[in-house]
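query_5.txt (compact mmCIF, C-alpha atoms) appears below.
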```txt
# COMPACT_ATOMS: atom_id res chain seq x y z
CA MET A 1 0.00 0.00 0.00
CA VAL A 2 1.29 3.45 -0.82
CA ALA A 3 0.58 6.82 0.60
CA THR A 4 -2.73 8.35 -0.34
CA ARG A 5 -2.35 10.89 -3.09
CA LEU A 6 -2.99 14.38 -1.86
CA LEU A 7 -3.95 16.47 -4.84
CA ALA A 8 -2.75 20.00 -5.22
CA SER A 9 -6.37 21.10 -5.11
CA ASP A 10 -6.36 20.16 -1.42
CA ALA A 11 -3.94 22.99 -0.78
CA PRO A 12 -5.57 25.86 1.06
CA TYR A 13 -4.39 28.42 -1.52
CA PRO A 14 -2.37 28.54 -4.72
CA PHE A 15 1.31 27.84 -4.28
CA ARG A 16 4.53 27.98 -6.21
CA PHE A 17 7.79 26.61 -4.91
CA PRO A 18 11.17 25.50 -6.29
CA LEU A 19 12.72 22.05 -6.17
CA ASN A 20 16.39 21.84 -7.11
CA ILE A 21 16.33 19.17 -9.80
CA SER A 22 19.95 19.39 -10.94
CA ALA A 23 20.49 15.78 -9.80
CA VAL A 24 18.64 14.69 -12.93
CA ASP A 25 19.35 15.45 -16.58
CA MET A 26 16.15 17.36 -17.19
CA THR A 27 15.37 17.10 -20.89
CA GLU A 28 12.38 18.68 -22.60
CA GLU A 29 10.92 15.23 -23.20
CA ARG A 30 11.12 14.50 -19.51
CA LEU A 31 9.51 17.78 -18.56
CA LEU A 32 6.68 17.18 -21.03
CA GLN A 33 6.16 13.67 -19.64
CA LEU A 34 6.44 14.91 -16.07
CA SER A 35 3.83 17.60 -16.79
CA SER A 36 1.54 15.04 -18.35
CA ASP A 37 1.97 12.61 -15.44
CA ASN A 38 1.13 15.37 -12.96
CA GLY A 39 -1.77 17.01 -14.70
CA ASP A 40 -2.98 18.61 -11.48
CA LEU A 41 0.19 20.72 -11.26
CA ARG A 42 1.82 23.37 -13.44
CA LEU A 43 5.57 22.95 -13.89
CA GLU A 44 8.32 25.25 -15.09
CA LEU A 45 12.08 24.86 -15.18
CA THR A 46 14.55 27.65 -14.45
CA ALA A 47 17.94 28.03 -16.14
CA LYS A 48 19.48 27.02 -12.79
CA LYS A 49 17.57 23.71 -13.06
CA GLU A 50 15.02 24.39 -10.40
CA LEU A 51 11.70 22.73 -11.05
CA ILE A 52 9.03 25.27 -10.18
CA ILE A 53 5.99 23.40 -8.93
CA MET A 54 2.76 25.35 -9.03
CA SER A 55 -0.79 24.57 -8.11
CA PRO A 56 -3.57 25.40 -10.53
CA ALA A 57 -4.28 29.13 -10.56
CA GLY A 58 -6.86 30.55 -8.22
CA GLY A 59 -10.25 31.43 -9.69
CA MET A 60 -9.67 35.17 -9.99
CA THR A 61 -6.29 34.72 -11.68
CA GLY A 62 -7.82 32.18 -14.04
CA TRP A 63 -10.54 34.64 -15.00
CA ARG A 64 -8.06 37.48 -15.52
CA SER A 65 -5.79 35.22 -17.52
CA GLY A 66 -8.71 34.23 -19.73
CA GLN A 67 -9.67 37.87 -20.28
CA VAL A 68 -6.12 38.86 -21.25
CA GLY A 69 -5.82 35.86 -23.56
CA PHE A 70 -9.16 36.67 -25.18
CA GLN A 71 -8.25 40.30 -25.84
CA LEU A 72 -4.83 39.37 -27.19
CA GLY A 73 -6.21 36.55 -29.32
CA THR A 74 -8.95 38.73 -30.78
CA TRP A 75 -6.47 41.42 -31.75
CA ALA A 76 -3.92 38.91 -33.09
CA LYS A 77 -6.49 37.27 -35.33
CA ARG A 78 -7.52 40.61 -36.79
CA ASP A 79 -3.92 41.78 -37.14
CA GLY A 80 -2.78 38.57 -38.79
CA THR A 81 0.99 38.98 -38.38
CA GLY A 82 1.28 36.62 -35.45
CA ILE A 83 -0.58 34.30 -33.11
CA GLY A 84 -1.69 34.66 -29.52
CA LEU A 85 -0.94 31.76 -27.20
CA GLY A 86 -2.66 30.80 -23.96
CA SER A 87 -1.24 30.17 -20.53
CA SER A 88 -0.37 26.51 -21.00
CA THR A 89 2.28 27.12 -23.68
CA GLY A 90 5.84 26.23 -22.70
CA PHE A 91 8.70 28.31 -24.11
CA VAL A 92 12.28 27.01 -24.09
CA LEU A 93 14.40 30.11 -23.68
CA PRO A 94 17.94 30.24 -25.10
CA ASN A 95 19.30 30.02 -21.53
CA GLY A 96 17.53 26.66 -21.03
CA ALA A 97 14.65 27.85 -18.86
CA ILE A 98 11.19 26.53 -19.74
CA TYR A 99 8.45 28.97 -18.82
CA ALA A 100 4.74 29.24 -19.47
CA PRO A 101 3.58 32.88 -19.39
CA TYR A 102 -0.11 33.64 -18.86
CA ALA A 103 -0.44 35.03 -22.39
CA SER A 104 2.02 35.48 -25.24
CA TRP A 105 2.40 36.33 -28.89
CA ILE A 106 4.80 35.08 -31.54
CA PRO A 107 5.16 36.18 -35.18
CA ARG A 108 3.52 34.05 -37.83
CA SER A 109 6.70 34.23 -39.93
CA TRP A 110 8.41 32.12 -37.28
CA TRP A 111 5.46 29.79 -36.58
CA ASP A 112 5.17 28.98 -40.30
CA THR A 113 8.73 27.60 -40.34
CA LEU A 114 7.86 24.93 -37.74
CA SER A 115 6.98 21.33 -38.53
CA LYS A 116 3.82 19.80 -37.07
CA GLU A 117 5.92 18.03 -34.42
CA GLU A 118 7.64 21.27 -33.49
CA ARG A 119 4.27 22.99 -33.11
CA ASP A 120 3.13 20.23 -30.75
CA GLY A 121 6.20 20.57 -28.53
CA PHE A 122 7.51 23.50 -26.52
CA ALA A 123 8.22 26.68 -28.49
CA HIS A 124 11.98 27.15 -28.83
CA ARG A 125 12.31 30.88 -28.34
CA SER A 126 11.40 33.59 -25.97
CA PRO A 127 7.98 34.97 -26.98
CA ASP A 128 8.12 38.36 -28.73
CA PHE A 129 5.46 39.58 -26.31
CA LEU A 130 4.12 38.15 -23.08
CA VAL A 131 1.95 38.99 -20.12
CA GLU A 132 2.52 37.70 -16.61
CA LEU A 133 -0.07 38.11 -13.85
CA ARG A 134 0.92 38.44 -10.24
CA SER A 135 -1.67 37.43 -7.66
CA GLU A 136 -1.50 38.03 -3.94
CA TRP A 137 0.16 34.66 -3.33
CA ASP A 138 3.05 35.35 -5.68
CA ASP A 139 6.38 36.84 -4.73
CA SER A 140 6.82 40.05 -6.72
CA ALA A 141 10.62 39.73 -6.92
CA ILE A 142 10.38 36.34 -8.61
CA PHE A 143 8.17 37.76 -11.35
CA GLN A 144 10.37 40.82 -11.85
CA ASP A 145 13.45 38.62 -12.23
CA LYS A 146 11.57 36.45 -14.67
CA MET A 147 10.57 39.43 -16.83
CA THR A 148 14.21 40.53 -17.00
CA GLU A 149 15.15 37.00 -17.99
CA TYR A 150 12.61 37.00 -20.84
CA LEU A 151 14.12 40.24 -22.17
CA GLU A 152 17.66 38.90 -21.92
CA ASN A 153 16.52 35.98 -24.02
CA GLY A 154 14.90 37.89 -26.85
CA THR A 155 11.49 39.15 -25.76
CA LEU A 156 10.64 42.55 -27.26
CA LEU A 157 7.84 43.58 -24.91
CA GLY A 158 6.66 42.21 -21.57
CA TRP A 159 3.90 43.30 -19.23
CA LEU A 160 3.83 42.26 -15.61
CA ILE A 161 0.38 43.03 -14.25
CA ASP A 162 0.65 43.19 -10.49
CA PHE A 163 -2.90 42.93 -9.14
CA PRO A 164 -2.18 43.27 -5.40
CA GLU A 165 -0.20 46.48 -6.02
CA ARG A 166 -2.41 47.61 -8.93
CA LEU A 167 0.60 48.30 -11.14
CA VAL A 168 1.66 47.39 -14.65
CA HIS A 169 5.42 46.97 -15.15
CA ILE A 170 6.41 47.41 -18.79
CA TYR A 171 9.63 45.78 -19.93
CA ARG A 172 11.38 46.72 -23.19
CA PRO A 173 14.94 45.77 -24.21
CA GLY A 174 17.54 48.39 -23.33
CA GLN A 175 15.07 50.59 -21.48
CA PRO A 176 14.32 51.07 -17.82
CA VAL A 177 11.17 49.39 -16.56
CA GLU A 178 8.16 51.67 -16.90
CA ILE A 179 5.61 51.40 -14.12
CA LEU A 180 2.00 52.52 -14.62
CA GLU A 181 -0.38 52.91 -11.69
CA GLU A 182 -3.71 51.23 -12.32
CA PRO A 183 -3.92 52.27 -15.99
CA ASP A 184 -7.26 51.89 -17.79
CA THR A 185 -5.43 50.62 -20.86
CA VAL A 186 -1.94 49.59 -21.96
CA SER A 187 -0.78 49.92 -25.55
CA GLY A 188 1.29 47.27 -27.32
CA ASP A 189 2.75 49.71 -29.87
CA PRO A 190 5.07 49.33 -31.67
CA VAL A 191 5.63 45.58 -31.13
CA LEU A 192 1.91 44.83 -31.40
CA PRO A 193 0.61 47.71 -33.54
CA GLY A 194 -2.87 48.71 -32.51
CA PHE A 195 -3.19 46.28 -29.57
CA VAL A 196 -4.69 47.97 -26.54
CA LEU A 197 -5.40 45.90 -23.45
CA GLU A 198 -8.45 47.09 -21.55
CA LEU A 199 -7.75 46.78 -17.85
CA ARG A 200 -10.64 48.49 -16.04
CA GLU A 201 -12.66 45.34 -15.62
CA LEU A 202 -9.56 43.37 -14.67
CA TRP A 203 -8.72 45.75 -11.81
CA GLN A 204 -12.29 45.59 -10.57
CA GLY A 205 -12.39 41.85 -10.60
CA ILE A 206 -15.54 39.83 -10.89
CA MET B 1 18.46 32.47 0.66
CA THR B 2 19.83 35.99 0.58
CA THR B 3 20.34 36.63 -3.13
CA ALA B 4 17.65 38.34 -5.16
CA LYS B 5 17.15 35.29 -7.37
CA GLN B 6 16.10 33.12 -4.45
CA PRO B 7 12.43 33.02 -3.58
CA ALA B 8 11.48 34.83 -0.43
CA VAL B 9 10.88 32.75 2.68
CA GLU B 10 7.15 33.41 2.36
CA THR B 11 7.13 31.41 -0.84
CA TYR B 12 7.99 28.28 1.09
CA THR B 13 5.10 28.78 3.44
CA THR B 14 2.83 28.60 0.42
CA LEU B 15 3.86 24.98 -0.07
CA PRO B 16 0.88 22.83 0.86
CA TYR B 17 1.40 20.49 3.75
CA ARG B 18 2.43 17.64 1.56
CA LEU B 19 2.83 17.42 -2.16
CA VAL B 20 2.98 14.36 -4.38
CA LEU B 21 4.85 14.48 -7.69
CA ASP B 22 4.88 11.49 -10.02
CA ILE B 23 8.53 11.30 -11.12
CA ASN B 24 8.45 8.19 -13.27
CA ALA B 25 9.40 10.41 -16.22
CA LEU B 26 12.75 11.19 -14.61
CA ASP B 27 14.10 7.60 -14.45
CA MET B 28 15.81 8.62 -11.24
CA THR B 29 18.60 6.40 -9.96
CA GLU B 30 19.32 5.90 -6.27
CA ASP B 31 22.37 8.14 -6.57
CA GLN B 32 20.29 10.86 -8.19
CA PHE B 33 17.64 10.62 -5.50
CA PHE B 34 20.32 10.91 -2.83
CA LYS B 35 21.70 14.02 -4.54
CA LEU B 36 18.19 15.44 -4.92
CA CYS B 37 17.72 15.15 -1.16
CA SER B 38 21.00 16.87 -0.38
CA ASP B 39 20.32 19.59 -2.98
CA ASN B 40 17.00 20.34 -1.28
CA ASP B 41 17.91 19.98 2.35
CA ASP B 42 15.32 22.57 3.35
CA LEU B 43 12.63 20.09 2.33
CA ARG B 44 11.79 16.61 3.56
CA LEU B 45 11.60 14.19 0.66
CA GLU B 46 10.39 10.61 0.48
CA LEU B 47 9.85 8.28 -2.45
CA THR B 48 6.96 5.83 -2.75
CA ALA B 49 7.12 2.40 -4.33
CA LYS B 50 5.15 3.84 -7.28
CA ARG B 51 7.92 6.44 -7.83
CA GLU B 52 6.03 9.36 -6.43
CA LEU B 53 8.11 12.01 -4.79
CA ILE B 54 6.57 13.14 -1.50
CA ILE B 55 7.61 16.70 -0.77
CA MET B 56 7.06 17.99 2.73
CA PRO B 57 7.86 21.38 4.20
CA PRO B 58 10.08 21.54 7.29
CA ALA B 59 8.30 20.37 10.44
CA GLY B 60 6.71 22.96 12.70
CA ALA B 61 8.40 23.67 16.03
CA ILE B 62 5.87 21.77 18.14
CA THR B 63 6.20 18.68 15.99
CA SER B 64 9.96 18.97 15.99
CA GLY B 65 9.99 19.26 19.78
CA ARG B 66 7.85 16.15 20.15
CA ASN B 67 10.10 14.35 17.73
CA SER B 68 13.13 15.29 19.72
CA GLU B 69 11.49 14.09 22.92
CA LEU B 70 10.53 10.69 21.57
CA HIS B 71 13.86 10.12 19.87
CA GLY B 72 15.60 11.16 23.10
CA GLN B 73 13.65 8.69 25.21
CA MET B 74 14.35 5.93 22.73
CA TYR B 75 18.04 6.82 22.52
CA ILE B 76 18.51 6.72 26.29
CA TRP B 77 16.89 3.29 26.46
CA ALA B 78 18.82 1.98 23.43
CA ARG B 79 22.19 3.00 24.85
CA GLN B 80 21.53 1.15 28.07
CA ASP B 81 20.05 -1.83 26.27
CA GLY B 82 22.91 -2.07 23.83
CA SER B 83 21.32 -4.41 21.29
CA GLY B 84 20.40 -1.86 18.66
CA LYS B 85 20.95 1.55 17.11
CA THR B 86 18.54 4.49 16.85
CA PHE B 87 17.91 6.87 13.95
CA GLU B 88 16.27 10.26 13.94
CA SER B 89 13.95 11.66 11.31
CA SER B 90 16.46 12.65 8.64
CA VAL B 91 17.30 9.01 7.89
CA GLY B 92 16.14 7.32 4.68
CA PHE B 93 15.52 3.58 4.45
CA THR B 94 15.02 1.88 1.09
CA LEU B 95 12.31 -0.69 1.72
CA PRO B 96 12.02 -3.98 -0.22
CA ASN B 97 9.16 -2.44 -2.26
CA GLY B 98 11.52 0.34 -3.46
CA ALA B 99 10.05 3.13 -1.35
CA VAL B 100 12.50 5.41 0.45
CA LEU B 101 10.92 6.48 3.72
CA SER B 102 12.01 8.47 6.75
CA PRO B 103 10.40 7.39 10.02
CA ASP B 104 10.36 10.06 12.70
CA ALA B 105 12.33 7.74 15.00
CA SER B 106 13.54 4.22 14.38
CA TRP B 107 15.65 1.43 15.82
CA MET B 108 17.55 -1.48 14.30
CA LEU B 109 19.45 -4.40 15.79
CA TRP B 110 23.20 -3.84 15.70
CA SER B 111 23.61 -7.25 14.07
CA ARG B 112 21.55 -6.12 11.07
CA TRP B 113 23.18 -2.69 10.91
CA ASN B 114 26.66 -4.15 11.03
CA ALA B 115 25.84 -6.51 8.17
CA LEU B 116 25.43 -3.51 5.87
CA THR B 117 28.39 -2.31 3.83
CA GLU B 118 29.82 1.08 4.65
CA ALA B 119 28.65 2.29 1.23
CA GLU B 120 25.10 1.32 2.21
CA GLN B 121 25.38 2.89 5.64
CA VAL B 122 26.23 6.36 4.30
CA ARG B 123 23.25 6.40 1.90
CA PHE B 124 19.66 5.19 2.17
CA PRO B 125 20.37 1.54 3.01
CA HIS B 126 18.30 -1.28 1.60
CA ILE B 127 16.90 -2.45 4.89
CA SER B 128 13.81 -1.95 7.00
CA PRO B 129 14.31 -0.91 10.60
CA ASP B 130 13.00 -3.28 13.28
CA PHE B 131 10.98 -0.59 15.02
CA VAL B 132 9.55 2.72 13.83
CA ILE B 133 7.70 5.59 15.45
CA GLU B 134 5.73 8.04 13.35
CA LEU B 135 4.38 11.23 14.81
CA ARG B 136 1.33 12.71 13.17
CA SER B 137 1.87 16.43 12.64
CA PRO B 138 -1.12 18.81 12.70
CA SER B 139 -1.15 18.94 8.90
CA ASP B 140 -0.87 15.19 8.27
CA ARG B 141 -3.97 13.28 7.30
CA LEU B 142 -4.50 10.32 9.60
CA THR B 143 -5.24 8.00 6.66
CA VAL B 144 -1.94 8.93 5.03
CA ALA B 145 -0.01 8.28 8.24
CA GLN B 146 -1.84 4.97 8.73
CA SER B 147 -1.12 3.75 5.22
CA LYS B 148 2.55 4.54 5.77
CA MET B 149 2.50 2.35 8.88
CA VAL B 150 0.89 -0.48 6.90
CA GLN B 151 3.64 -0.12 4.33
CA TYR B 152 6.33 -0.41 7.01
CA MET B 153 4.74 -3.58 8.34
CA GLU B 154 4.39 -5.10 4.87
CA ASN B 155 8.08 -4.49 4.35
CA GLY B 156 9.45 -6.21 7.40
CA VAL B 157 9.23 -3.71 10.25
CA ARG B 158 8.39 -5.73 13.36
CA LEU B 159 6.82 -3.08 15.59
CA GLY B 160 5.42 0.33 14.71
CA TRP B 161 3.84 3.10 16.74
CA LEU B 162 1.82 5.89 15.21
CA ILE B 163 1.43 8.71 17.69
CA ASP B 164 -1.50 11.06 17.08
CA PRO B 165 -1.11 14.00 19.49
CA GLN B 166 -4.31 15.73 18.29
CA ASN B 167 -6.45 12.85 19.49
CA LYS B 168 -4.01 11.61 22.16
CA ARG B 169 -4.01 8.19 20.59
CA VAL B 170 -1.28 5.68 19.88
CA TYR B 171 -1.79 3.04 17.21
CA VAL B 172 0.36 -0.05 17.73
CA TYR B 173 1.25 -2.14 14.68
CA ARG B 174 2.66 -5.66 15.06
CA GLN B 175 3.30 -8.35 12.48
CA ASP B 176 0.23 -10.48 11.76
CA GLN B 177 -1.88 -8.79 14.41
CA PRO B 178 -4.69 -6.27 14.18
CA VAL B 179 -3.78 -2.67 14.95
CA GLU B 180 -4.17 -1.87 18.64
CA THR B 181 -5.46 1.58 19.53
CA LEU B 182 -4.44 3.07 22.87
CA GLU B 183 -6.55 5.99 24.12
CA GLU B 184 -4.55 8.64 25.92
CA PRO B 185 -1.99 6.21 27.36
CA ASP B 186 0.44 7.43 30.01
CA THR B 187 3.06 5.04 28.74
CA VAL B 188 3.61 2.71 25.81
CA SER B 189 5.72 -0.40 26.26
CA GLY B 190 8.05 -1.83 23.63
CA ASP B 191 8.09 -5.33 25.17
CA PRO B 192 8.99 -7.89 24.01
CA LEU B 193 10.89 -6.53 20.97
CA LEU B 194 12.43 -3.66 22.91
CA PRO B 195 12.72 -5.11 26.41
CA GLY B 196 12.26 -2.49 29.05
CA PHE B 197 11.56 0.41 26.68
CA VAL B 198 8.69 2.47 28.02
CA LEU B 199 7.80 5.69 26.23
CA GLU B 200 6.45 8.26 28.65
CA MET B 201 3.64 9.97 26.82
CA GLN B 202 3.03 12.91 29.16
CA ARG B 203 6.17 14.56 27.88
CA ILE B 204 4.89 14.15 24.33
CA TRP B 205 1.24 15.14 24.73
```
Mind turning the file's structure into structure tokens?
Amino acid sequence: MVATRLLASDAPYPFRFPLNISAVDMTEERLLQLSSDNGDLRLELTAKKELIIMSPAGGMTGWRSGQVGFQLGTWAKRDGTGIGLGSSTGFVLPNGAIYAPYASWIPRSWWDTLSKEERDGFAHRSPDFLVELRSEWDDSAIFQDKMTEYLENGTLLGWLIDFPERLVHIYRPGQPVEILEEPDTVSGDPVLPGFVLELRELWQGI
Amino acid sequence: MTTAKQPAVETYTTLPYRLVLDINALDMTEDQFFKLCSDNDDLRLELTAKRELIIMPPAGAITSGRNSELHGQMYIWARQDGSGKTFESSVGFTLPNGAVLSPDASWMLWSRWNALTEAEQVRFPHISPDFVIELRSPSDRLTVAQSKMVQYMENGVRLGWLIDPQNKRVYVYRQDQPVETLEEPDTVSGDPLLPGFVLEMQRIW
């Protein structure tokens, strides 16, 4: 007899914590299999080979994530130069980290070069644009470091929406981080021409 | 823990009481599991026979104090008795079913310990202790603790005590016998396996 499985959903609140996994040669195939074997958890891998083990998102974060993904996807479809990706997409960054931002966008010119198998696996690049959402359970410093890491690995525009502090941190390569206090909208120009994320409803919550 | 890249301490408190990760995908060897444990020495890790990694946060102070008390009582008896060796909670034993478990306190006959190679002794030896004590912490589910005891008994442990401080109960597991439940006992006796060992429960409740 083995120990009863305690699902992540039994946790009293969402969690995220690191496990140093450097003892194992952590390949992409293994991470994909590991993710599939532990479908109740979300997993990421840092460049330092820490496995980040996360519970499912809380309800409010899930709703916000869906809203951001919907707005981005709607714009991307109309714009046509790229595709919007949802929160379950894994990106293998050049530094070896494998992250899954809440919402992201990649150019169609790149996507079209991929084989079917490549499209089914993790995306091998840093997304051109991404959005991360910080909820009250998340450590702000971890997200800020992660945004910097995306930029160092090729991202052109990143938004960190910090709901507890009601701030949007805007990351662009070679520029200081711009911080907006509870803006009604954020513009994606010039990386995403014409994309404007409406935030009023997201700040209010549901 | 002090550099900016490390998660803040608060992040660890957001770990649920006990997390199960299926690690079959990792094909982890014994050496790799040993390294994993030393690389994450702020966590308590166990491995089930089904290759699930059990990740537990550090014990709370009350639980740790109780642990120290029961290991201390056992150690004092074992030194006088002389027939066996005690282990505290950071030990790992590789059971015949492949699980690597860490009882809160355990005891093994010297004759069995000395039969292990030194290479085995410094790792998670392939042997079941003769006697184990598990202490239920406030966050542990009773059913999980009980199934762990059953697993010990199925893998050769001869006597096991599960101490449940919340309910002031002690569950006594013996080979081929039904589990005995003691309600708020003052003492628990280890006879005949541990002759003369009497655990004083007042200091643990």
Selection: 12 Å around Val122 (chain B), only C-alpha atoms, excl. self and same-chain fewer than 6 positions, as a PyMOL selection string: chain B and resi 31+34+91-93+113+116
Using only C-alpha atoms for the distances, tell me which of A:Ser104, A:Gln144, A:Thr61, A:Gln67 is nearest to chain B.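 Of all the options, A:Gln144 lies closest to chain B.
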Non-local contacts of Gly58 (chain A) (8 Å; all atoms listed in the file; under 2 positions in same chain excluded) as a PyMOL selection string: chain A and resi 13-14+56+60-62
Here is a test: counting all atoms listed in the file, which residue of A:Ala141, A:Leu133, A:Met147, A:Val24 is nearest to Arg166 (chain A)?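 Looking only at the distances to Arg166 (chain A), the closest residue turns out to be A:Leu133.
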I'd like the interatomic distance between CA of Ser87 (chain A) and CA of Lys49 (chain A), to a tenth of an Å.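 Distance reported for this atom pair: 21.2 Å.
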For region 198-200 of chain A, find every residue with an atom within 9 Å (counting all atoms listed in the file), except residues of its own chain fewer than 2 positions away, and show them as an MDAnalysis selection string. chainID A and resid 68 71 182:186 196 202:205
Residues within 12 Å of Leu142 (chain B), all atoms listed in the file, excluding chain neighbours under 4 positions, as a list in words: Ala3 and Thr4 of chain A; Glu134, Leu135, Arg136, Ser137, Pro138, Gln146, Ser147, Lys148, Met149, Leu162, Ile163, Asp164, Pro165, Gln166, Asn167, Arg169, Val170 and Tyr171 of chain B
For Met74 (chain B), the nearest of the candidates B:Glu52, B:Asp104, B:Glu46, B:Glu184, counting only C-alpha atoms: B:Asp104
Could you name the residues that touch Leu43 (chain A) at 9 Å or less, counting all atoms listed in the file, but leaving out those on the same chain fewer than 2 positions away, as a list in words?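 Everything that qualifies: Leu31, Leu34, Ser35, Asn38, Leu41, Leu45, Leu51, Ile52, Ile53, Met54, Ser55, Ile98, Tyr99 and Ala100 of chain A.
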Write out, as a PDB file, in the coordinates of the input, the residues just selected, with C-alpha atoms.
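selection_16.pdb, written as the output of this step:
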```
ATOM      1  CA  LEU A  31       9.510  17.780 -18.560  1.00  0.00           C
ATOM      2  CA  LEU A  34       6.440  14.910 -16.070  1.00  0.00           C
ATOM      3  CA  SER A  35       3.830  17.600 -16.790  1.00  0.00           C
ATOM      4  CA  ASN A  38       1.130  15.370 -12.960  1.00  0.00           C
ATOM      5  CA  LEU A  41       0.190  20.720 -11.260  1.00  0.00           C
ATOM      6  CA  LEU A  45      12.080  24.860 -15.180  1.00  0.00           C
ATOM      7  CA  LEU A  51      11.700  22.730 -11.050  1.00  0.00           C
ATOM      8  CA  ILE A  52       9.030  25.270 -10.180  1.00  0.00           C
ATOM      9  CA  ILE A  53       5.990  23.400  -8.930  1.00  0.00           C
ATOM     10  CA  MET A  54       2.760  25.350  -9.030  1.00  0.00           C
ATOM     11  CA  SER A  55      -0.790  24.570  -8.110  1.00  0.00           C
ATOM     12  CA  ILE A  98      11.190  26.530 -19.740  1.00  0.00           C
ATOM     13  CA  TYR A  99       8.450  28.970 -18.820  1.00  0.00           C
ATOM     14  CA  ALA A 100       4.740  29.240 -19.470  1.00  0.00           C
TER      15      ALA A 100
END
```
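Taking CA of Asp27 (chain B) and CA of Pro96 (chain B) as the two end points, the separation is 18.5 Å.
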Would you mind reading off the distance between CA of Asp191 (chain B) and CA of Arg158 (chain B), one decimal, in Å?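 So the two atoms, CA of Asp191 (chain B) and CA of Arg158 (chain B), lie 11.8 Å apart.
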I'd like to know which of B:Phe87, B:Trp161, B:Tyr152, B:Tyr173 is closest to chain A, using all atoms listed in the file.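 Checking each of B:Phe87, B:Trp161, B:Tyr152, B:Tyr173 against chain A, counting all atoms listed in the file, the winner is B:Tyr152.
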Coordinates of region 5-46 of chain A, C-alpha atoms, as a PDB file, in the first residue's frame:
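Result file decode22.pdb:
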```
ATOM      1  CA  ARG A   5      -2.349  10.885  -3.088  1.00  0.00           C
ATOM      2  CA  LEU A   6      -2.995  14.379  -1.865  1.00  0.00           C
ATOM      3  CA  LEU A   7      -3.953  16.471  -4.838  1.00  0.00           C
ATOM      4  CA  ALA A   8      -2.745  20.003  -5.225  1.00  0.00           C
ATOM      5  CA  SER A   9      -6.371  21.102  -5.108  1.00  0.00           C
ATOM      6  CA  ASP A  10      -6.361  20.159  -1.421  1.00  0.00           C
ATOM      7  CA  ALA A  11      -3.937  22.994  -0.782  1.00  0.00           C
ATOM      8  CA  PRO A  12      -5.566  25.859   1.056  1.00  0.00           C
ATOM      9  CA  TYR A  13      -4.386  28.423  -1.522  1.00  0.00           C
ATOM     10  CA  PRO A  14      -2.367  28.539  -4.721  1.00  0.00           C
ATOM     11  CA  PHE A  15       1.312  27.843  -4.278  1.00  0.00           C
ATOM     12  CA  ARG A  16       4.531  27.980  -6.208  1.00  0.00           C
ATOM     13  CA  PHE A  17       7.786  26.605  -4.913  1.00  0.00           C
ATOM     14  CA  PRO A  18      11.167  25.495  -6.286  1.00  0.00           C
ATOM     15  CA  LEU A  19      12.722  22.046  -6.170  1.00  0.00           C
ATOM     16  CA  ASN A  20      16.388  21.841  -7.110  1.00  0.00           C
ATOM     17  CA  ILE A  21      16.330  19.167  -9.799  1.00  0.00           C
ATOM     18  CA  SER A  22      19.949  19.388 -10.943  1.00  0.00           C
ATOM     19  CA  ALA A  23      20.495  15.781  -9.803  1.00  0.00           C
ATOM     20  CA  VAL A  24      18.637  14.691 -12.932  1.00  0.00           C
ATOM     21  CA  ASP A  25      19.350  15.452 -16.580  1.00  0.00           C
ATOM     22  CA  MET A  26      16.151  17.357 -17.187  1.00  0.00           C
ATOM     23  CA  THR A  27      15.372  17.103 -20.894  1.00  0.00           C
ATOM     24  CA  GLU A  28      12.380  18.677 -22.601  1.00  0.00           C
ATOM     25  CA  GLU A  29      10.922  15.229 -23.205  1.00  0.00           C
ATOM     26  CA  ARG A  30      11.124  14.498 -19.512  1.00  0.00           C
ATOM     27  CA  LEU A  31       9.514  17.779 -18.557  1.00  0.00           C
ATOM     28  CA  LEU A  32       6.683  17.176 -21.030  1.00  0.00           C
ATOM     29  CA  GLN A  33       6.163  13.668 -19.639  1.00  0.00           C
ATOM     30  CA  LEU A  34       6.437  14.913 -16.066  1.00  0.00           C
ATOM     31  CA  SER A  35       3.827  17.600 -16.790  1.00  0.00           C
ATOM     32  CA  SER A  36       1.540  15.042 -18.355  1.00  0.00           C
ATOM     33  CA  ASP A  37       1.973  12.611 -15.435  1.00  0.00           C
ATOM     34  CA  ASN A  38       1.130  15.373 -12.960  1.00  0.00           C
ATOM     35  CA  GLY A  39      -1.767  17.012 -14.700  1.00  0.00           C
ATOM     36  CA  ASP A  40      -2.982  18.611 -11.484  1.00  0.00           C
ATOM     37  CA  LEU A  41       0.190  20.719 -11.260  1.00  0.00           C
ATOM     38  CA  ARG A  42       1.816  23.373 -13.444  1.00  0.00           C
ATOM     39  CA  LEU A  43       5.566  22.951 -13.885  1.00  0.00           C
ATOM     40  CA  GLU A  44       8.316  25.255 -15.087  1.00  0.00           C
ATOM     41  CA  LEU A  45      12.082  24.861 -15.182  1.00  0.00           C
ATOM     42  CA  THR A  46      14.551  27.645 -14.452  1.00  0.00           C
TER      43      THR A  46
END
```
